[in-house]
>>> print(open('coords_1.cif').read())   # mmCIF, C-alpha atoms
data_target
loop_
_atom_site.group_PDB
_atom_site.id
_atom_site.type_symbol
_atom_site.label_atom_id
_atom_site.label_comp_id
_atom_site.auth_asym_id
_atom_site.auth_seq_id
_atom_site.Cartn_x
_atom_site.Cartn_y
_atom_site.Cartn_z
ATOM 1 C CA MET A 1 -1.132 0.840 3.086
ATOM 2 C CA ASN A 2 2.238 0.125 4.531
ATOM 3 C CA PRO A 3 4.821 -1.209 2.103
ATOM 4 C CA ARG A 4 7.902 -0.612 4.218
ATOM 5 C CA GLU A 5 8.532 -4.177 5.454
ATOM 6 C CA PRO A 6 9.580 -6.176 2.377
ATOM 7 C CA ARG A 7 9.780 -9.934 2.315
ATOM 8 C CA ASP A 8 11.422 -12.182 -0.212
ATOM 9 C CA GLY A 9 8.802 -13.388 -2.640
ATOM 10 C CA ALA A 10 8.144 -14.855 -6.021
ATOM 11 C CA GLY A 11 8.060 -12.570 -8.988
ATOM 12 C CA PRO A 12 9.725 -11.841 -12.299
ATOM 13 C CA GLY A 13 13.310 -13.049 -12.189
ATOM 14 C CA THR A 14 13.071 -14.670 -8.777
ATOM 15 C CA VAL A 15 14.995 -17.932 -8.670
ATOM 16 C CA ARG A 16 14.250 -19.083 -5.131
ATOM 17 C CA PRO A 17 13.298 -17.483 -1.807
ATOM 18 C CA GLY A 18 16.468 -16.301 -0.134
ATOM 19 C CA GLY A 19 18.550 -16.705 -3.315
ATOM 20 C CA ARG A 20 20.760 -14.031 -4.812
ATOM 21 C CA THR A 21 18.030 -12.757 -7.137
ATOM 22 C CA ALA A 22 15.631 -12.380 -4.216
ATOM 23 C CA ARG A 23 18.284 -10.556 -2.179
ATOM 24 C CA VAL A 24 18.986 -8.159 -5.033
ATOM 25 C CA ARG A 25 15.277 -7.468 -5.480
ATOM 26 C CA ASP A 26 14.889 -6.888 -1.753
ATOM 27 C CA ALA A 27 17.850 -4.508 -1.627
ATOM 28 C CA VAL A 28 16.556 -2.534 -4.603
ATOM 29 C CA ARG A 29 13.085 -2.381 -3.135
ATOM 30 C CA ARG A 30 14.363 -1.098 0.205
ATOM 31 C CA ALA A 31 16.412 1.528 -1.586
ATOM 32 C CA THR A 32 13.411 2.517 -3.720
ATOM 33 C CA LEU A 33 11.258 3.013 -0.618
ATOM 34 C CA ALA A 34 13.960 5.066 1.083
ATOM 35 C CA GLU A 35 14.428 7.264 -1.978
ATOM 36 C CA LEU A 36 10.678 7.766 -2.315
ATOM 37 C CA ALA A 37 10.420 8.756 1.340
ATOM 38 C CA GLU A 38 13.241 11.280 1.023
ATOM 39 C CA HIS A 39 12.738 12.679 -2.463
ATOM 40 C CA GLY A 40 9.292 11.651 -3.706
ATOM 41 C CA TYR A 41 8.482 10.214 -7.109
ATOM 42 C CA ARG A 42 9.920 13.155 -9.047
ATOM 43 C CA GLY A 43 13.253 12.713 -7.276
ATOM 44 C CA LEU A 44 13.431 8.937 -7.765
ATOM 45 C CA THR A 45 16.280 7.882 -10.073
ATOM 46 C CA VAL A 46 17.855 4.594 -11.017
ATOM 47 C CA GLU A 47 21.283 6.016 -10.179
ATOM 48 C CA ALA A 48 20.269 6.914 -6.614
ATOM 49 C CA VAL A 49 18.593 3.549 -6.035
ATOM 50 C CA ALA A 50 21.639 1.724 -7.367
ATOM 51 C CA ALA A 51 23.971 3.695 -5.120
ATOM 52 C CA ARG A 52 21.820 3.190 -2.017
ATOM 53 C CA SER A 53 21.182 -0.505 -2.649
ATOM 54 C CA GLY A 54 24.738 -1.421 -3.606
ATOM 55 C CA VAL A 55 23.420 -3.043 -6.789
ATOM 56 C CA HIS A 56 25.252 -2.091 -9.964
ATOM 57 C CA LYS A 57 23.481 0.546 -12.030
ATOM 58 C CA THR A 58 23.466 -1.583 -15.168
ATOM 59 C CA THR A 59 21.702 -4.380 -13.272
ATOM 60 C CA VAL A 60 19.015 -2.000 -12.053
ATOM 61 C CA TYR A 61 18.508 -0.594 -15.546
ATOM 62 C CA ARG A 62 18.365 -4.084 -17.052
ATOM 63 C CA ARG A 63 15.823 -5.481 -14.576
ATOM 64 C CA TRP A 64 13.706 -2.434 -13.687
ATOM 65 C CA GLY A 65 14.288 -0.070 -16.602
ATOM 66 C CA ASP A 66 13.418 3.231 -14.955
ATOM 67 C CA ALA A 67 11.697 4.854 -11.987
ATOM 68 C CA ASP A 68 8.310 3.530 -13.127
ATOM 69 C CA GLY A 69 9.634 -0.014 -13.070
ATOM 70 C CA LEU A 70 11.038 0.470 -9.575
ATOM 71 C CA VAL A 71 7.744 1.814 -8.245
ATOM 72 C CA ALA A 72 5.682 -0.890 -9.943
ATOM 73 C CA ASP A 73 7.872 -3.669 -8.563
ATOM 74 C CA ALA A 74 7.801 -2.270 -5.033
ATOM 75 C CA LEU A 75 4.003 -2.123 -5.172
ATOM 76 C CA GLU A 76 3.821 -5.638 -6.612
ATOM 77 C CA LEU A 77 5.783 -6.945 -3.650
ATOM 78 C CA ALA A 78 3.663 -4.944 -1.197
ATOM 79 C CA ALA A 79 0.437 -6.302 -2.706
ATOM 80 C CA ALA A 80 1.626 -9.856 -2.097
ATOM 81 C CA GLU A 81 2.222 -9.239 1.600
ATOM 82 C CA PRO A 82 -0.456 -10.093 4.186
ATOM 83 C CA TRP A 83 -2.484 -7.273 5.684
ATOM 84 C CA PRO A 84 -3.644 -7.379 9.323
ATOM 85 C CA VAL A 85 -7.375 -7.607 8.614
ATOM 86 C CA PRO A 86 -9.209 -6.994 11.911
ATOM 87 C CA ASP A 87 -11.730 -9.346 13.503
ATOM 88 C CA THR A 88 -13.389 -7.460 16.353
ATOM 89 C CA GLY A 89 -16.652 -9.388 16.229
ATOM 90 C CA THR A 90 -18.735 -6.595 14.688
ATOM 91 C CA LEU A 91 -18.766 -4.794 11.350
ATOM 92 C CA ASP A 92 -18.662 -1.462 13.185
ATOM 93 C CA GLY A 93 -15.492 -2.443 14.983
ATOM 94 C CA ASP A 94 -13.854 -3.966 11.922
ATOM 95 C CA LEU A 95 -14.503 -0.953 9.670
ATOM 96 C CA ARG A 96 -13.286 1.399 12.391
ATOM 97 C CA ALA A 97 -10.114 -0.671 12.731
ATOM 98 C CA ILE A 98 -9.526 -0.663 8.970
ATOM 99 C CA ALA A 99 -9.996 3.106 8.753
ATOM 100 C CA ARG A 100 -7.597 3.599 11.652
ATOM 101 C CA LEU A 101 -5.033 1.283 10.027
ATOM 102 C CA VAL A 102 -5.071 3.486 6.943
ATOM 103 C CA ARG A 103 -4.930 6.655 9.005
ATOM 104 C CA ASP A 104 -2.078 5.337 11.170
ATOM 105 C CA GLY A 105 -0.148 4.197 8.106
ATOM 106 C CA PHE A 106 -0.127 7.692 6.654
ATOM 107 C CA ALA A 107 0.707 9.197 10.054
ATOM 108 C CA ASP A 108 3.694 6.883 10.540
ATOM 109 C CA PRO A 109 6.946 8.870 10.132
ATOM 110 C CA GLU A 110 8.567 6.115 8.044
ATOM 111 C CA ALA A 111 5.672 4.537 6.149
ATOM 112 C CA GLY A 112 3.655 7.723 5.665
ATOM 113 C CA PRO A 113 5.954 9.526 3.210
ATOM 114 C CA VAL A 114 6.347 6.340 1.149
ATOM 115 C CA SER A 115 2.590 5.764 0.998
ATOM 116 C CA ARG A 116 2.019 9.353 -0.065
ATOM 117 C CA ALA A 117 4.715 9.056 -2.722
ATOM 118 C CA PHE A 118 3.075 5.944 -4.174
ATOM 119 C CA VAL A 119 -0.306 7.676 -4.476
ATOM 120 C CA LEU A 120 1.225 10.805 -5.992
ATOM 121 C CA ALA A 121 3.285 8.704 -8.413
ATOM 122 C CA ALA A 122 0.053 7.156 -9.707
ATOM 123 C CA GLY A 123 -1.026 10.601 -10.847
ATOM 124 C CA GLN A 124 2.152 11.024 -12.879
ATOM 125 C CA SER A 125 2.835 7.553 -14.272
ATOM 126 C CA GLY A 126 0.615 5.051 -16.021
ATOM 127 C CA ALA A 127 2.763 2.166 -14.782
ATOM 128 C CA ALA A 128 2.544 3.382 -11.192
ATOM 129 C CA ALA A 129 -1.214 3.895 -11.536
ATOM 130 C CA SER A 130 -1.673 0.336 -12.790
ATOM 131 C CA ALA A 131 0.482 -1.067 -9.986
ATOM 132 C CA LEU A 132 -1.387 0.942 -7.361
ATOM 133 C CA GLN A 133 -4.721 -0.266 -8.748
ATOM 134 C CA HIS A 134 -3.526 -3.858 -8.374
ATOM 135 C CA PHE A 135 -2.303 -3.102 -4.842
ATOM 136 C CA PHE A 136 -5.695 -1.756 -3.803
ATOM 137 C CA ALA A 137 -7.545 -4.633 -5.473
ATOM 138 C CA ARG A 138 -5.491 -7.066 -3.405
ATOM 139 C CA ARG A 139 -6.191 -5.112 -0.208
ATOM 140 C CA HIS A 140 -9.913 -5.118 -1.008
ATOM 141 C CA GLU A 141 -9.799 -8.888 -1.499
ATOM 142 C CA GLN A 142 -8.178 -9.319 1.895
ATOM 143 C CA ALA A 143 -10.520 -6.892 3.666
ATOM 144 C CA ALA A 144 -13.638 -8.464 2.126
ATOM 145 C CA ALA A 145 -13.603 -10.954 4.989
ATOM 146 C CA VAL A 146 -14.968 -8.348 7.408
ATOM 147 C CA VAL A 147 -18.105 -7.869 5.299
ATOM 148 C CA GLU A 148 -18.504 -11.582 4.599
ATOM 149 C CA ARG A 149 -18.386 -12.293 8.337
ATOM 150 C CA ALA A 150 -20.892 -9.500 8.953
ATOM 151 C CA ALA A 151 -23.258 -11.026 6.405
ATOM 152 C CA ALA A 152 -22.942 -14.406 8.127
ATOM 153 C CA ARG A 153 -23.870 -12.729 11.441
ATOM 154 C CA GLY A 154 -26.863 -11.021 9.843
ATOM 155 C CA GLU A 155 -25.451 -7.499 10.195
ATOM 156 C CA VAL A 156 -25.712 -6.771 6.469
ATOM 157 C CA PRO A 157 -27.761 -8.373 3.673
ATOM 158 C CA PRO A 158 -26.303 -11.418 1.907
ATOM 159 C CA GLY A 159 -24.494 -10.430 -1.274
ATOM 160 C CA THR A 160 -23.432 -7.031 0.032
ATOM 161 C CA ASP A 161 -20.544 -5.766 -2.117
ATOM 162 C CA ALA A 162 -17.631 -6.190 0.279
ATOM 163 C CA ALA A 163 -15.113 -4.217 -1.734
ATOM 164 C CA GLU A 164 -17.513 -1.293 -2.051
ATOM 165 C CA VAL A 165 -18.091 -1.200 1.701
ATOM 166 C CA VAL A 166 -14.335 -1.091 2.329
ATOM 167 C CA ARG A 167 -13.868 1.601 -0.328
ATOM 168 C CA THR A 168 -16.597 3.674 1.325
ATOM 169 C CA ALA A 169 -14.816 3.387 4.667
ATOM 170 C CA VAL A 170 -11.424 4.574 3.431
ATOM 171 C CA ALA A 171 -12.174 6.889 0.490
ATOM 172 C CA PRO A 172 -12.920 9.921 2.727
ATOM 173 C CA LEU A 173 -9.484 9.510 4.285
ATOM 174 C CA TYR A 174 -7.755 9.762 0.913
ATOM 175 C CA TYR A 175 -9.978 12.742 0.043
ATOM 176 C CA ARG A 176 -8.754 14.580 3.143
ATOM 177 C CA LEU A 177 -5.136 13.644 2.524
ATOM 178 C CA PHE A 178 -4.848 14.330 -1.194
ATOM 179 C CA VAL A 179 -7.666 16.705 -2.142
ATOM 180 C CA THR A 180 -8.641 19.047 0.689
ATOM 181 C CA GLY A 181 -5.592 18.767 2.941
ATOM 182 C CA GLU A 182 -7.821 18.605 6.003
ATOM 183 C CA PRO A 183 -6.466 17.019 9.186
ATOM 184 C CA LEU A 184 -6.880 13.266 9.367
ATOM 185 C CA ASP A 185 -7.378 12.220 12.977
ATOM 186 C CA GLU A 186 -9.001 9.190 14.579
ATOM 187 C CA ALA A 187 -12.344 10.980 14.798
ATOM 188 C CA ALA A 188 -12.356 11.494 11.025
ATOM 189 C CA ALA A 189 -11.444 7.839 10.490
ATOM 190 C CA ASP A 190 -14.240 6.738 12.820
ATOM 191 C CA ARG A 191 -16.789 8.932 11.018
ATOM 192 C CA ALA A 192 -15.821 7.442 7.675
ATOM 193 C CA ALA A 193 -16.200 3.937 9.092
ATOM 194 C CA ALA A 194 -19.606 4.787 10.570
ATOM 195 C CA ALA A 195 -20.807 6.176 7.243
ATOM 196 C CA ALA A 196 -19.724 2.986 5.480
ATOM 197 C CA ARG A 197 -21.521 0.864 8.077
ATOM 198 C CA ALA A 198 -24.701 2.894 7.630
ATOM 199 C CA ALA A 199 -24.468 2.567 3.853
ATOM 200 C CA ALA A 200 -23.993 -1.194 4.115
#
>>> encode(input="coords_1.cif", output="structure tokens")
Amino acid sequence: MNPREPRDGAGPGTVRPGGRTARVRDAVRRATLAELAEHGYRGLTVEAVAARSGVHKTTVYRRWGDADGLVADALELAAAEPWPVPDTGTLDGDLRAIARLVRDGFADPEAGPVSRAFVLAAGQSGAAASALQHFFARRHEQAAAVVERAAARGEVPPGTDAAEVVRTAVAPLYYRLFVTGEPLDEAAADRAAAAARAAA
């Protein structure tokens, strides 16, 4: 999960890629991510985002409403962005690469705080929770290719639930990060991937 590189895209209010509306949305999204990284969800305000983005406060209120709207829109844009789904030639390698992508995203000094803020926001806001659910559903759709390829190679049975395999590979990482607070290193990511491969 790495929503720090926004691109112009279609969405509510977007007139055309690269148009003024897209530029405003991009500026507000970048400011939202920066504010989340610095202050977390509880410290996210429309006023701070407006000041950082250079977009007038009344415009931000009119289009995004409140902090929940800002978070939901940032996640909507992130969900639409491509994810570097690995293709190592084996399910073992692909699941290990996916687990390491997640681990590296949270370890990144810029993307990590934002990713953590999004997950924590979901525990405090219904709108953020819904947006995060959509974000993960889109990531699962993209990552399903690794299991579909594995089934075609005969590594797993046909009809194996691709999304469930991916969830099994990354869920232990989120458990360490947000429940137990245990260290999340590459070895932990690799163990989670191996457990998912065995389950598949």
>>> resolve_selection(input="coords_1.cif", expression="the PyMOL selection byres ((chain A and resi 30) around 9)", output="list in words")
Arg4, Glu5, Pro6, Arg25, Asp26, Ala27, Val28, Arg29, Ala31, Thr32, Leu33, Ala34, Glu35, Val49, Arg52, Ser53 and Ala74 of chain A
>>> closest_atom_pairs(input="coords_1.cif", of="segment 87-143 of chain A", to="segment 167-183 of chain A", cutoff="12 Å", atoms="all atoms listed in the file", output="Markdown table")
| residue | atom | partner | partner_atom | distance |
| --- | --- | --- | --- | --- |
| A:Leu91 | CA | A:Ala169 | CA | 11.3 |
| A:Asp92 | CA | A:Ala169 | CA | 10.5 |
| A:Gly93 | CA | A:Ala169 | CA | 11.9 |
| A:Asp94 | CA | A:Ala169 | CA | 10.4 |
| A:Leu95 | CA | A:Ala169 | CA | 6.6 |
| A:Arg96 | CA | A:Ala169 | CA | 8.1 |
| A:Ala97 | CA | A:Ala169 | CA | 10.2 |
| A:Ile98 | CA | A:Val170 | CA | 7.9 |
| A:Ala99 | CA | A:Val170 | CA | 5.7 |
| A:Arg100 | CA | A:Val170 | CA | 9.1 |
| A:Leu101 | CA | A:Val170 | CA | 9.8 |
| A:Val102 | CA | A:Val170 | CA | 7.3 |
| A:Arg103 | CA | A:Leu173 | CA | 7.2 |
| A:Asp104 | CA | A:Leu173 | CA | 10.9 |
| A:Gly105 | CA | A:Leu173 | CA | 11.4 |
| A:Phe106 | CA | A:Leu177 | CA | 8.8 |
| A:Ala107 | CA | A:Leu177 | CA | 10.5 |
| A:Gly112 | CA | A:Leu177 | CA | 11.1 |
| A:Pro113 | CA | A:Leu177 | CA | 11.8 |
| A:Ser115 | CA | A:Tyr174 | CA | 11.1 |
| A:Arg116 | CA | A:Phe178 | CA | 8.6 |
| A:Ala117 | CA | A:Phe178 | CA | 11.0 |
| A:Phe118 | CA | A:Phe178 | CA | 11.9 |
| A:Val119 | CA | A:Phe178 | CA | 8.7 |
| A:Leu120 | CA | A:Phe178 | CA | 8.5 |
| A:Gly123 | CA | A:Phe178 | CA | 11.0 |
| A:Phe136 | CA | A:Arg167 | CA | 9.5 |
| A:Ala137 | CA | A:Arg167 | CA | 10.3 |
| A:Arg139 | CA | A:Arg167 | CA | 10.2 |
| A:His140 | CA | A:Arg167 | CA | 7.8 |
| A:Glu141 | CA | A:Arg167 | CA | 11.3 |
| A:Ala143 | CA | A:Arg167 | CA | 10.0 |
>>> residues_around(input="coords_1.cif", residues="segment 152-155 of chain A", least_positions_apart="5", cutoff="10 Å", atoms="only C-alpha atoms", output="list in words")
Gly89, Thr90, Leu91, Asp92, Val147, Arg197 and Ala200 of chain A
>>> closest_residue(input="coords_1.cif", among="A:Leu132, A:Val156, A:Ala151, A:Ala187", to="Leu77 of chain A", atoms="all atoms listed in the file")
A:Leu132
>>> atom_distance(input="coords_1.cif", atom1="atom CA of Thr160 of chain A", atom2="atom CA of Glu186 of chain A")
26.1 Å
>>> axis_aligned_box(input="coords_1.cif", around="segment 119-129 of chain A", padding_each_side="4 Å", output="lines of an AutoDock Vina configuration file")
center_x = 1.0
center_y = 6.6
center_z = -10.2
size_x = 12.5
size_y = 16.9
size_z = 19.5
>>> residues_near_point(input="coords_1.cif", point="(10.2, -0.5, -10.6)", cutoff="10 Å", atoms="only C-alpha atoms", output="VMD selection string")
chain A and resid 28 to 29 32 46 60 to 61 63 to 76 127 to 128 131
>>> closest_residue(input="coords_1.cif", among="A:Glu110, A:Val85, A:Val165, A:Ala51", to="Glu38 of chain A", atoms="only C-alpha atoms")
A:Glu110
>>> atom_distance(input="coords_1.cif", atom1="atom CA of Gly159 of chain A", atom2="atom CA of Ala195 of chain A")
19.0 Å
>>> atom_distance(input="coords_1.cif", atom1="atom CA of Tyr41 of chain A", atom2="atom CA of Ala121 of chain A")
5.6 Å
>>> closest_residue(input="coords_1.cif", among="A:Ala48, A:Ala194, A:Ala80, A:Ala188", to="Val166 of chain A", atoms="all atoms listed in the file")
A:Ala194
>>> decode(input="coords_1.cif", residues="segment 29-42 of chain A", atoms="all heavy atoms", output="mmCIF file, in the first residue's frame")
data_model
loop_
_atom_site.group_PDB
_atom_site.id
_atom_site.type_symbol
_atom_site.label_atom_id
_atom_site.label_comp_id
_atom_site.auth_asym_id
_atom_site.auth_seq_id
_atom_site.Cartn_x
_atom_site.Cartn_y
_atom_site.Cartn_z
ATOM 1 N N ARG A 29 -4.986 16.333 -2.731
ATOM 2 C CA ARG A 29 -4.582 14.995 -2.319
ATOM 3 C C ARG A 29 -3.166 14.991 -1.764
ATOM 4 O O ARG A 29 -2.886 14.374 -0.728
ATOM 5 C CB ARG A 29 -4.671 14.036 -3.503
ATOM 6 C CG ARG A 29 -4.381 12.599 -3.060
ATOM 7 C CD ARG A 29 -3.686 11.813 -4.105
ATOM 8 N NE ARG A 29 -3.531 10.433 -3.663
ATOM 9 C CZ ARG A 29 -3.036 9.505 -4.418
ATOM 10 N NH1 ARG A 29 -2.663 9.762 -5.640
ATOM 11 N NH2 ARG A 29 -2.892 8.281 -3.961
ATOM 12 N N ARG A 30 -2.254 15.672 -2.445
ATOM 13 C CA ARG A 30 -0.873 15.735 -1.947
ATOM 14 C C ARG A 30 -0.820 16.377 -0.562
ATOM 15 O O ARG A 30 -0.094 15.912 0.327
ATOM 16 C CB ARG A 30 0.002 16.520 -2.928
ATOM 17 C CG ARG A 30 0.278 15.786 -4.233
ATOM 18 C CD ARG A 30 1.146 16.631 -5.170
ATOM 19 N NE ARG A 30 1.338 15.976 -6.446
ATOM 20 C CZ ARG A 30 2.281 15.069 -6.701
ATOM 21 N NH1 ARG A 30 3.099 14.700 -5.746
ATOM 22 N NH2 ARG A 30 2.377 14.525 -7.901
ATOM 23 N N ALA A 31 -1.596 17.420 -0.370
ATOM 24 C CA ALA A 31 -1.628 18.072 0.930
ATOM 25 C C ALA A 31 -2.233 17.159 1.992
ATOM 26 O O ALA A 31 -1.766 17.117 3.136
ATOM 27 C CB ALA A 31 -2.428 19.375 0.841
ATOM 28 N N THR A 32 -3.266 16.407 1.619
ATOM 29 C CA THR A 32 -3.884 15.461 2.553
ATOM 30 C C THR A 32 -2.874 14.408 2.996
ATOM 31 O O THR A 32 -2.758 14.101 4.194
ATOM 32 C CB THR A 32 -5.096 14.775 1.899
ATOM 33 O OG1 THR A 32 -6.081 15.761 1.576
ATOM 34 C CG2 THR A 32 -5.712 13.737 2.833
ATOM 35 N N LEU A 33 -2.119 13.859 2.054
ATOM 36 C CA LEU A 33 -1.121 12.845 2.390
ATOM 37 C C LEU A 33 -0.043 13.416 3.299
ATOM 38 O O LEU A 33 0.393 12.766 4.264
ATOM 39 C CB LEU A 33 -0.497 12.277 1.117
ATOM 40 C CG LEU A 33 -1.435 11.553 0.156
ATOM 41 C CD1 LEU A 33 -0.657 11.003 -1.039
ATOM 42 C CD2 LEU A 33 -2.186 10.437 0.858
ATOM 43 N N ALA A 34 0.390 14.637 3.007
ATOM 44 C CA ALA A 34 1.425 15.261 3.834
ATOM 45 C C ALA A 34 0.917 15.515 5.251
ATOM 46 O O ALA A 34 1.634 15.279 6.238
ATOM 47 C CB ALA A 34 1.889 16.569 3.186
ATOM 48 N N GLU A 35 -0.318 15.986 5.357
ATOM 49 C CA GLU A 35 -0.891 16.236 6.681
ATOM 50 C C GLU A 35 -1.085 14.935 7.463
ATOM 51 O O GLU A 35 -0.848 14.884 8.668
ATOM 52 C CB GLU A 35 -2.223 16.977 6.542
ATOM 53 C CG GLU A 35 -2.082 18.434 6.138
ATOM 54 C CD GLU A 35 -1.416 19.274 7.204
ATOM 55 O OE1 GLU A 35 -1.785 19.143 8.382
ATOM 56 O OE2 GLU A 35 -0.511 20.058 6.858
ATOM 57 N N LEU A 36 -1.515 13.888 6.771
ATOM 58 C CA LEU A 36 -1.661 12.593 7.435
ATOM 59 C C LEU A 36 -0.323 12.092 7.948
ATOM 60 O O LEU A 36 -0.221 11.558 9.055
ATOM 61 C CB LEU A 36 -2.267 11.566 6.470
ATOM 62 C CG LEU A 36 -3.774 11.612 6.260
ATOM 63 C CD1 LEU A 36 -4.162 10.691 5.113
ATOM 64 C CD2 LEU A 36 -4.519 11.224 7.536
ATOM 65 N N ALA A 37 0.716 12.233 7.124
ATOM 66 C CA ALA A 37 2.041 11.765 7.523
ATOM 67 C C ALA A 37 2.546 12.520 8.747
ATOM 68 O O ALA A 37 3.168 11.931 9.636
ATOM 69 C CB ALA A 37 3.016 11.928 6.365
ATOM 70 N N GLU A 38 2.272 13.813 8.808
ATOM 71 C CA GLU A 38 2.791 14.626 9.906
ATOM 72 C C GLU A 38 1.935 14.576 11.166
ATOM 73 O O GLU A 38 2.461 14.583 12.278
ATOM 74 C CB GLU A 38 2.921 16.083 9.450
ATOM 75 C CG GLU A 38 4.025 16.306 8.434
ATOM 76 C CD GLU A 38 4.168 17.765 8.055
ATOM 77 O OE1 GLU A 38 3.671 18.633 8.810
ATOM 78 O OE2 GLU A 38 4.772 18.040 7.000
ATOM 79 N N HIS A 39 0.605 14.531 10.978
ATOM 80 C CA HIS A 39 -0.278 14.702 12.130
ATOM 81 C C HIS A 39 -1.243 13.546 12.373
ATOM 82 O O HIS A 39 -1.945 13.557 13.395
ATOM 83 C CB HIS A 39 -1.082 15.998 11.958
ATOM 84 C CG HIS A 39 -0.238 17.198 11.711
ATOM 85 N ND1 HIS A 39 0.625 17.730 12.652
ATOM 86 C CD2 HIS A 39 -0.083 17.987 10.601
ATOM 87 C CE1 HIS A 39 1.250 18.780 12.151
ATOM 88 N NE2 HIS A 39 0.839 18.959 10.900
ATOM 89 N N GLY A 40 -1.315 12.582 11.441
ATOM 90 C CA GLY A 40 -2.246 11.488 11.604
ATOM 91 C C GLY A 40 -3.682 11.904 11.319
ATOM 92 O O GLY A 40 -3.964 13.088 11.065
ATOM 93 N N TYR A 41 -4.579 10.938 11.393
ATOM 94 C CA TYR A 41 -5.981 11.218 11.075
ATOM 95 C C TYR A 41 -6.600 12.220 12.046
ATOM 96 O O TYR A 41 -7.331 13.122 11.650
ATOM 97 C CB TYR A 41 -6.776 9.911 11.086
ATOM 98 C CG TYR A 41 -8.262 10.110 10.927
ATOM 99 C CD1 TYR A 41 -8.809 10.462 9.695
ATOM 100 C CD2 TYR A 41 -9.123 9.958 12.013
ATOM 101 C CE1 TYR A 41 -10.168 10.661 9.549
ATOM 102 C CE2 TYR A 41 -10.482 10.149 11.871
ATOM 103 C CZ TYR A 41 -11.003 10.508 10.635
ATOM 104 O OH TYR A 41 -12.345 10.705 10.500
ATOM 105 N N ARG A 42 -6.288 12.085 13.328
ATOM 106 C CA ARG A 42 -6.891 12.978 14.322
ATOM 107 C C ARG A 42 -6.448 14.428 14.128
ATOM 108 O O ARG A 42 -7.161 15.356 14.524
ATOM 109 C CB ARG A 42 -6.541 12.506 15.731
ATOM 110 C CG ARG A 42 -7.244 11.220 16.138
ATOM 111 C CD ARG A 42 -7.052 10.933 17.613
ATOM 112 N NE ARG A 42 -7.715 9.715 18.030
ATOM 113 C CZ ARG A 42 -9.008 9.638 18.331
ATOM 114 N NH1 ARG A 42 -9.761 10.713 18.261
ATOM 115 N NH2 ARG A 42 -9.536 8.489 18.705
#
